[in-house]
Amino acid sequence: MARPPAASAPATQRKSKRADLVAEEIKRLITERDLRPGDRLPREPELQQLFAVSKSTMREALKSLEVQGLVTISTGPAGGGRIVEVSLDRTFQLMQNYLFFKEVTIDDIYTARKLLEPELAAGAVPHLTEADLEALTHSIECCDPSSGKTADVVAQRKEDLNFHDILALANPNPFLRFTCQLINEMLRQLTVFENDTPVTTQRRFGQANVRLHRAIVTAARAGDADEVRRLMAEHMVEASGFVKKLNGKLRGRLILDSEMSRRAATRRKPARPVSPIED
């Protein structure tokens with residue numbers, strides 16, 4: 001392929017830099033006007049006039065914000081930019097892009113979980129609805145090894161994570177909820193187990209999870225946040241031990257856009273309609 005003329009490179013760089021600066025200014029505008037998900041940005045001609053840039057530069061800036069997950073762009077007479085909440089999938093993808101170049105182990109993940117999950121669960125207790133408690137009970141039934149519903153160990157662990165997702169969605173602390181859900185998504189998408197681990201160990205892991213999940217639900221129904229905290233701390237220590245016995249590891253890889261699209265289409269809806277933010 002022929003190399004482009006040398007004089008064109010600086011112009012391309014200037015255009016790209018200008019679009020990035022405009023994208024930053026649009027972020028500032030969103031902040032200053034306190035725009036929320038669902039709100040519209042000013043129309044493209046208005047933005048061009050406001051920032052004194054060409055149509056191509058403005059479209060490049062808007063495309064950059066769309067790639068970041070901050071806006072959606074539609075065309076037509078009623079089209080334009082609309083603010084959206086950055087999804088958990090997109091945040092997870094960006095985080096995994098960063099962590100791909102780090103030496104993160106499953107032990108590192110469980111070190112954080114041991115600290116965070118007990119507080120997450122205890123904080124959720126006063127906010128659990130009857131629907132949440134029923135969803136927690138249903139999750140236990142789905143991942144119970146004796147039920148025969150989930151024979152594959154990886155699928156069973158993912159079912160276990162749904163239990164923790166329900167608790168996370170009930171916790172009113174947005175930063176704690178967000179952090180735990182990102183950790184849980186890492187475990188859900190990246191955990192692999194050695195194929196030669198004994199089936200009996202896998203079953204004991206599932207049985208231990210079911211036992212403590214049931215105890216947590218019982219304590220939650222009684223409104224005993226301290227007991228839920230104690231049980232969840234016990235659960236995290238026990239789960240970490242079983243993961244080691246099963247030779248659980250984090251698979252280092254980059255998350256593809258196509259995978260995010262499939263997950264968005266097939267992911268089970270949470271127990272309560274809260275914006276995105278598991279064992």
# chains A, B, ... in the order shown; residues from 1 in each chain; ligands from 1
$ select_by_dssp --residues "range 42-251 of chain A" --states "strand (DSSP E or B)" --output "PyMOL selection string"
chain A and resi 71-74+80-83+191-192+249-250
$ atom_distance --atom1 "CA of Ile30 in chain A" --atom2 "CA of Ser87 in chain A"
17.6 Å
$ residues_around --residues "range 214-220 of chain A" --least-positions-apart "2" --cutoff "12 Å" --atoms "only C-alpha atoms" --output "number ranges by chain"
A: 118, 121-130, 132-141, 143-144, 160, 163-164, 166-167, 170, 207-212, 222-235
$ residues_around --residues "Ala112 in chain A" --least-positions-apart "6" --cutoff "10 Å" --atoms "only C-alpha atoms" --output "PDB file with N, CA, C and O atoms, in the first residue's frame"
ATOM      1  N   THR A 179     -18.488  -1.355  42.725  1.00  0.00           N
ATOM      2  CA  THR A 179     -17.222  -2.076  42.885  1.00  0.00           C
ATOM      3  C   THR A 179     -17.457  -3.581  42.956  1.00  0.00           C
ATOM      4  O   THR A 179     -16.766  -4.369  42.294  1.00  0.00           O
ATOM      5  N   CYS A 180     -18.429  -3.982  43.748  1.00  0.00           N
ATOM      6  CA  CYS A 180     -18.707  -5.418  43.890  1.00  0.00           C
ATOM      7  C   CYS A 180     -19.237  -6.019  42.597  1.00  0.00           C
ATOM      8  O   CYS A 180     -18.884  -7.147  42.237  1.00  0.00           O
ATOM      9  N   ILE A 183     -16.295  -6.597  40.259  1.00  0.00           N
ATOM     10  CA  ILE A 183     -15.537  -7.778  40.687  1.00  0.00           C
ATOM     11  C   ILE A 183     -16.290  -9.044  40.302  1.00  0.00           C
ATOM     12  O   ILE A 183     -15.715 -10.008  39.773  1.00  0.00           O
ATOM     13  N   MET A 236     -17.256 -16.059  52.182  1.00  0.00           N
ATOM     14  CA  MET A 236     -16.147 -15.641  51.330  1.00  0.00           C
ATOM     15  C   MET A 236     -14.868 -16.427  51.631  1.00  0.00           C
ATOM     16  O   MET A 236     -14.126 -16.801  50.728  1.00  0.00           O
TER      17      MET A 236
END
$ closest_atom_pairs --of "range 108-130 of chain A" --to "range 88-104 of chain A" --cutoff "12 Å" --atoms "only C-alpha atoms" --output "CSV"
residue,atom,partner,partner_atom,distance
A:Asp108,CA,A:Val104,CA,6.3
A:Ile109,CA,A:Val104,CA,7.7
A:Tyr110,CA,A:Val104,CA,11.0
A:Thr111,CA,A:Val104,CA,11.3
A:Ala112,CA,A:Val104,CA,11.8
$ write_last_selection --atoms "all heavy atoms" --output "compact mmCIF listing (two decimals), in the first residue's frame"
# COMPACT_ATOMS: atom_id res chain seq x y z
N ASP A 108 -6.16 -12.39 44.47
CA ASP A 108 -6.31 -10.95 44.61
C ASP A 108 -7.79 -10.56 44.66
O ASP A 108 -8.20 -9.70 45.45
CB ASP A 108 -5.64 -10.22 43.44
CG ASP A 108 -4.14 -10.44 43.40
OD1 ASP A 108 -3.52 -10.62 44.47
OD2 ASP A 108 -3.58 -10.43 42.28
N ILE A 109 -8.58 -11.19 43.79
CA ILE A 109 -10.01 -10.90 43.74
C ILE A 109 -10.68 -11.26 45.06
O ILE A 109 -11.47 -10.48 45.61
CB ILE A 109 -10.68 -11.66 42.58
CG1 ILE A 109 -10.11 -11.20 41.23
CG2 ILE A 109 -12.20 -11.49 42.61
CD1 ILE A 109 -10.37 -9.76 40.91
N TYR A 110 -10.36 -12.43 45.59
CA TYR A 110 -11.01 -12.86 46.83
C TYR A 110 -10.52 -12.07 48.04
O TYR A 110 -11.25 -11.92 49.03
CB TYR A 110 -10.86 -14.37 47.03
CG TYR A 110 -12.01 -15.12 46.40
CD1 TYR A 110 -11.93 -15.57 45.10
CD2 TYR A 110 -13.19 -15.32 47.09
CE1 TYR A 110 -13.00 -16.22 44.49
CE2 TYR A 110 -14.26 -15.97 46.51
CZ TYR A 110 -14.16 -16.42 45.21
OH TYR A 110 -15.24 -17.05 44.62
N THR A 111 -9.32 -11.53 47.98
CA THR A 111 -8.87 -10.64 49.05
C THR A 111 -9.80 -9.43 49.14
O THR A 111 -10.20 -9.00 50.24
CB THR A 111 -7.43 -10.18 48.80
OG1 THR A 111 -6.56 -11.31 48.86
CG2 THR A 111 -6.99 -9.15 49.84
N ALA A 112 -10.15 -8.88 47.98
CA ALA A 112 -11.08 -7.75 47.96
C ALA A 112 -12.49 -8.18 48.35
O ALA A 112 -13.19 -7.47 49.09
CB ALA A 112 -11.08 -7.11 46.57
$ atom_distance --atom1 "CA of Gly206 in chain A" --atom2 "CA of Lys158 in chain A"
11.1 Å
$ closest_residue --among "A:Asp39, A:Asp107, A:Glu85, A:Asp165" --to "Lys244 in chain A" --atoms "only C-alpha atoms"
A:Asp107
$ select_by_dssp --residues "range 56-267 of chain A" --states "helix (DSSP H, G or I)" --output "count of residues only"
152
$ atom_distance --atom1 "CA of Arg204 in chain A" --atom2 "CA of Val192 in chain A"
17.7 Å
$ closest_residue --among "A:His213, A:Arg177, A:Arg113, A:Lys17" --to "Cys142 in chain A" --atoms "only C-alpha atoms"
A:His213
$ closest_residue --among "A:Ser64, A:Pro45, A:Arg251, A:Asn171" --to "Glu119 in chain A" --atoms "only C-alpha atoms"
A:Asn171
